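Read the structure below first, then the notes.
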Amino acid sequence: MLNKDLKALIEPVVIGLGYELWGCEHQTQGRHSLLKVYIDAPEGIEVDDCAKVSRQLSSVLEVEDPIRSNYTLEVSSPGLDRRLYTLAQFEAFKGSKVKLNLSKPFNGKRRFSGLLCGIEGDEVVLRTDDEETLFPIEQIDRANVVPEF
């Protein structure tokens, strides 16, 4: 089952419990895999919230059986260094420092770090060294907020 199919199965459960599905990842590691589900809420996420979602998701995943191999389900908050998945998430973290990893090089580089200036259409605007660069979201393999203390 593809990630978007997994998301379609997971999201109604998470929303039904009163949380936001921040993102999910299915990583295969040999004969075992890991299903990571990130949940969020305006008041934050506690361990009990993760346990509640984990119990409900386990039941649904057991019945639907979308992952044929052995896997581990991990439910957590996105954390301070949260990964950004959608254009809406990029827009919500406008003004934050972020790190981007690209699927193919841009100006000879795949990794960029800078100030997230927002989005324009389907592109993420990042300021590095007083220069703004637009990156198409489909070319961003991974983007994380860099926490500042």
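Labeling convention for the structure tokens: chains A, B, ... as they appear, residues from 1 per chain, ligands from 1 in order of appearance.
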
Segment 96-110 of chain A environment, 7 Å, only C-alpha atoms, sequence neighbours closer than 2 positions dropped, as a list in words: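 After dropping sequence-adjacent residues, the list is Phe93, Lys94, Phe112, Ser113, Gly114, Leu115, Leu116, Gln139, Ile140, Asp141, Arg142, Ala143, Asn144, Val145 and Val146 of chain A.
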
Keeping N, CA and C atoms, export the residues of the selection given above as a compact mmCIF listing (two decimals), in the first residue's frame.
```txt
# COMPACT_ATOMS: atom_id res chain seq x y z
N PHE A 93 4.89 27.90 8.98
CA PHE A 93 6.18 28.10 9.63
C PHE A 93 7.03 29.17 8.94
N LYS A 94 6.35 30.03 8.20
CA LYS A 94 7.00 31.18 7.57
C LYS A 94 7.71 31.98 8.66
N PHE A 112 20.17 22.72 1.67
CA PHE A 112 20.08 24.16 1.88
C PHE A 112 19.55 24.44 3.27
N SER A 113 19.95 25.55 3.83
CA SER A 113 19.48 25.99 5.14
C SER A 113 19.27 27.49 5.05
N GLY A 114 18.15 27.95 5.62
CA GLY A 114 17.89 29.37 5.57
C GLY A 114 16.56 29.72 6.20
N LEU A 115 16.13 30.96 5.97
CA LEU A 115 14.88 31.47 6.51
C LEU A 115 13.74 31.15 5.56
N LEU A 116 12.71 30.52 6.07
CA LEU A 116 11.53 30.19 5.26
C LEU A 116 10.71 31.46 5.08
N GLN A 139 10.35 18.66 -5.51
CA GLN A 139 11.79 18.37 -5.50
C GLN A 139 12.39 18.36 -4.09
N ILE A 140 11.55 18.64 -3.09
CA ILE A 140 12.03 18.63 -1.71
C ILE A 140 11.80 17.24 -1.12
N ASP A 141 12.90 16.53 -0.88
CA ASP A 141 12.83 15.20 -0.28
C ASP A 141 12.49 15.29 1.20
N ARG A 142 13.09 16.27 1.87
CA ARG A 142 12.89 16.40 3.31
C ARG A 142 13.10 17.87 3.69
N ALA A 143 12.25 18.35 4.59
CA ALA A 143 12.40 19.70 5.13
C ALA A 143 12.09 19.65 6.60
N ASN A 144 12.96 20.23 7.41
CA ASN A 144 12.76 20.26 8.86
C ASN A 144 12.95 21.66 9.38
N VAL A 145 12.13 22.00 10.39
CA VAL A 145 12.31 23.26 11.10
C VAL A 145 13.54 23.11 11.99
N VAL A 146 14.36 24.16 12.05
CA VAL A 146 15.53 24.17 12.92
C VAL A 146 15.13 24.94 14.18
```

Secondary structure check, strand (DSSP E or B) residues of chain A, as a PyMOL selection string: chain A and resi 20-29+32-40+70-76+83+97-106+109-120+123-128+131-136+140-145

Using the chain letters and numbers from this document, which residues of segment 24-145 of chain A does DSSP assign to helix (DSSP H, G or I), as a compact mmCIF listing (two decimals) with N, CA and C atoms, in the first residue's frame?
```
# COMPACT_ATOMS: atom_id res chain seq x y z
N VAL A 47 2.16 12.05 26.07
CA VAL A 47 2.37 10.61 25.87
C VAL A 47 1.04 9.87 25.81
N ASP A 48 0.08 10.25 26.66
CA ASP A 48 -1.24 9.61 26.67
C ASP A 48 -1.96 9.78 25.33
N ASP A 49 -1.77 10.94 24.68
CA ASP A 49 -2.38 11.17 23.37
C ASP A 49 -1.82 10.18 22.35
N CYS A 50 -0.51 10.00 22.37
CA CYS A 50 0.13 9.06 21.45
C CYS A 50 -0.35 7.63 21.70
N ALA A 51 -0.48 7.27 22.97
CA ALA A 51 -0.93 5.92 23.31
C ALA A 51 -2.36 5.69 22.83
N LYS A 52 -3.22 6.69 23.00
CA LYS A 52 -4.62 6.57 22.57
C LYS A 52 -4.71 6.37 21.05
N VAL A 53 -3.97 7.19 20.31
CA VAL A 53 -3.98 7.07 18.85
C VAL A 53 -3.37 5.74 18.43
N SER A 54 -2.30 5.33 19.09
CA SER A 54 -1.64 4.07 18.77
C SER A 54 -2.59 2.89 18.93
N ARG A 55 -3.34 2.86 20.04
CA ARG A 55 -4.29 1.76 20.27
C ARG A 55 -5.35 1.71 19.16
N GLN A 56 -5.92 2.87 18.82
CA GLN A 56 -6.96 2.90 17.78
C GLN A 56 -6.40 2.52 16.41
N LEU A 57 -5.23 3.06 16.08
CA LEU A 57 -4.63 2.75 14.79
C LEU A 57 -4.25 1.28 14.70
N SER A 58 -3.74 0.72 15.77
CA SER A 58 -3.38 -0.70 15.77
C SER A 58 -4.58 -1.57 15.42
N SER A 59 -5.73 -1.25 16.00
CA SER A 59 -6.95 -2.01 15.72
C SER A 59 -7.35 -1.90 14.26
N VAL A 60 -7.34 -0.68 13.73
CA VAL A 60 -7.72 -0.47 12.33
C VAL A 60 -6.73 -1.14 11.39
N LEU A 61 -5.44 -0.99 11.67
CA LEU A 61 -4.42 -1.59 10.81
C LEU A 61 -4.46 -3.11 10.86
N GLU A 62 -4.82 -3.67 12.01
CA GLU A 62 -4.93 -5.12 12.11
C GLU A 62 -6.07 -5.64 11.23
N VAL A 63 -7.18 -4.94 11.22
CA VAL A 63 -8.33 -5.34 10.41
C VAL A 63 -8.06 -5.12 8.92
N GLU A 64 -7.56 -3.93 8.57
CA GLU A 64 -7.34 -3.58 7.16
C GLU A 64 -6.11 -4.26 6.57
N LEU A 87 2.43 22.23 1.61
CA LEU A 87 2.58 23.67 1.40
C LEU A 87 1.97 24.45 2.56
N ALA A 88 0.84 23.99 3.09
CA ALA A 88 0.20 24.66 4.22
C ALA A 88 1.12 24.67 5.44
N GLN A 89 1.85 23.58 5.66
CA GLN A 89 2.78 23.53 6.78
C GLN A 89 3.95 24.49 6.56
N PHE A 90 4.43 24.57 5.32
CA PHE A 90 5.50 25.52 5.02
C PHE A 90 5.02 26.95 5.29
N GLU A 91 3.81 27.25 4.87
CA GLU A 91 3.26 28.59 5.08
C GLU A 91 3.10 28.89 6.58
N ALA A 92 2.66 27.90 7.34
CA ALA A 92 2.46 28.09 8.78
C ALA A 92 3.77 28.37 9.51
N ILE A 137 8.01 22.16 -4.53
CA ILE A 137 7.79 21.25 -3.41
C ILE A 137 8.04 19.80 -3.81
N GLU A 138 7.77 19.44 -5.07
CA GLU A 138 7.97 18.05 -5.48
C GLU A 138 9.45 17.67 -5.54
N GLN A 139 10.35 18.66 -5.51
CA GLN A 139 11.79 18.37 -5.50
C GLN A 139 12.39 18.36 -4.09
```

How far is it from atom CA of Glu46 of chain A to atom CA of Cys24 of chain A, in Å with one decimal? 18.0 Å

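Using only C-alpha atoms, the protein and nucleic acid residues lying no more than 12 Å from Asn70 of chain A, apart from those fewer than 5 places from it along its own chain, are Gln27, Thr28, Gln29, Gly30, Arg31, His32, Ser33, Leu34, Leu35, Glu62 and Asp65 of chain A.
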
Name the residues in contact with His26 of chain A at a cut-off of 12 Å, using only C-alpha atoms, excluding same-chain residues fewer than 2 positions from it; report them as JSON, numbers by chain. {"A": [1, 2, 3, 4, 5, 6, 7, 23, 24, 28, 29, 32, 33, 34, 35, 36, 37, 38, 66, 67, 69, 71, 72, 73, 74]}

Output file for the selection above: N, CA and C atoms, as an mmCIF file, in the first residue's frame:
```cif
data_model
loop_
_atom_site.group_PDB
_atom_site.id
_atom_site.type_symbol
_atom_site.label_atom_id
_atom_site.label_comp_id
_atom_site.auth_asym_id
_atom_site.auth_seq_id
_atom_site.Cartn_x
_atom_site.Cartn_y
_atom_site.Cartn_z
ATOM 1 N N MET A 1 0.848 -1.183 0.000
ATOM 2 C CA MET A 1 0.000 0.000 0.000
ATOM 3 C C MET A 1 0.893 1.246 0.000
ATOM 4 N N LEU A 2 0.576 2.220 -0.808
ATOM 5 C CA LEU A 2 1.366 3.440 -0.912
ATOM 6 C C LEU A 2 1.121 4.372 0.265
ATOM 7 N N ASN A 3 2.040 5.319 0.455
ATOM 8 C CA ASN A 3 1.913 6.263 1.563
ATOM 9 C C ASN A 3 0.599 7.020 1.546
ATOM 10 N N LYS A 4 0.113 7.441 0.359
ATOM 11 C CA LYS A 4 -1.145 8.187 0.333
ATOM 12 C C LYS A 4 -2.321 7.279 0.682
ATOM 13 N N ASP A 5 -2.221 5.993 0.354
ATOM 14 C CA ASP A 5 -3.263 5.046 0.761
ATOM 15 C C ASP A 5 -3.233 4.844 2.277
ATOM 16 N N LEU A 6 -2.033 4.749 2.823
ATOM 17 C CA LEU A 6 -1.893 4.648 4.279
ATOM 18 C C LEU A 6 -2.452 5.895 4.952
ATOM 19 N N LYS A 7 -2.133 7.047 4.396
ATOM 20 C CA LYS A 7 -2.631 8.302 4.958
ATOM 21 C C LYS A 7 -4.160 8.327 4.926
ATOM 22 N N GLY A 23 1.756 14.096 9.699
ATOM 23 C CA GLY A 23 2.407 13.375 8.616
ATOM 24 C C GLY A 23 2.581 11.924 8.976
ATOM 25 N N CYS A 24 2.857 11.103 7.973
ATOM 26 C CA CYS A 24 3.162 9.701 8.240
ATOM 27 C C CYS A 24 4.214 9.228 7.247
ATOM 28 N N THR A 28 10.792 0.851 4.996
ATOM 29 C CA THR A 28 11.100 -0.570 4.975
ATOM 30 C C THR A 28 12.563 -0.775 5.343
ATOM 31 N N GLN A 29 12.792 -1.725 6.244
ATOM 32 C CA GLN A 29 14.148 -2.049 6.680
ATOM 33 C C GLN A 29 14.311 -3.559 6.619
ATOM 34 N N HIS A 32 11.543 -6.146 7.948
ATOM 35 C CA HIS A 32 10.742 -5.421 8.933
ATOM 36 C C HIS A 32 10.573 -3.984 8.446
ATOM 37 N N SER A 33 9.497 -3.343 8.861
ATOM 38 C CA SER A 33 9.309 -1.945 8.480
ATOM 39 C C SER A 33 8.800 -1.146 9.674
ATOM 40 N N LEU A 34 8.833 0.155 9.508
ATOM 41 C CA LEU A 34 8.440 1.077 10.566
ATOM 42 C C LEU A 34 7.403 2.034 9.997
ATOM 43 N N LEU A 35 6.276 2.133 10.664
ATOM 44 C CA LEU A 35 5.240 3.085 10.296
ATOM 45 C C LEU A 35 5.242 4.178 11.356
ATOM 46 N N LYS A 36 5.677 5.382 10.950
ATOM 47 C CA LYS A 36 5.722 6.528 11.866
ATOM 48 C C LYS A 36 4.523 7.416 11.573
ATOM 49 N N VAL A 37 3.790 7.749 12.632
ATOM 50 C CA VAL A 37 2.629 8.620 12.510
ATOM 51 C C VAL A 37 2.858 9.799 13.449
ATOM 52 N N TYR A 38 2.799 11.006 12.892
ATOM 53 C CA TYR A 38 2.998 12.212 13.685
ATOM 54 C C TYR A 38 1.653 12.915 13.863
ATOM 55 N N PRO A 66 -2.896 -3.308 5.797
ATOM 56 C CA PRO A 66 -2.297 -2.664 4.625
ATOM 57 C C PRO A 66 -0.812 -2.960 4.438
ATOM 58 N N ILE A 67 -0.159 -3.427 5.510
ATOM 59 C CA ILE A 67 1.274 -3.715 5.447
ATOM 60 C C ILE A 67 1.450 -5.210 5.685
ATOM 61 N N SER A 69 4.148 -7.180 5.675
ATOM 62 C CA SER A 69 5.297 -7.656 6.448
ATOM 63 C C SER A 69 5.161 -7.248 7.913
ATOM 64 N N TYR A 71 5.866 -5.091 11.048
ATOM 65 C CA TYR A 71 6.183 -3.676 11.164
ATOM 66 C C TYR A 71 5.964 -3.206 12.598
ATOM 67 N N THR A 72 6.558 -2.074 12.901
ATOM 68 C CA THR A 72 6.386 -1.420 14.190
ATOM 69 C C THR A 72 5.640 -0.121 13.945
ATOM 70 N N LEU A 73 4.616 0.131 14.743
ATOM 71 C CA LEU A 73 3.874 1.385 14.675
ATOM 72 C C LEU A 73 4.429 2.328 15.732
ATOM 73 N N GLU A 74 4.781 3.521 15.306
ATOM 74 C CA GLU A 74 5.310 4.528 16.221
ATOM 75 C C GLU A 74 4.476 5.796 16.061
#
```

Length of the atom CA of Arg127 of chain A to atom CA of Tyr85 of chain A vector [Å]: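 Calculated distance between atom CA of Arg127 of chain A and atom CA of Tyr85 of chain A is 19.0 Å.
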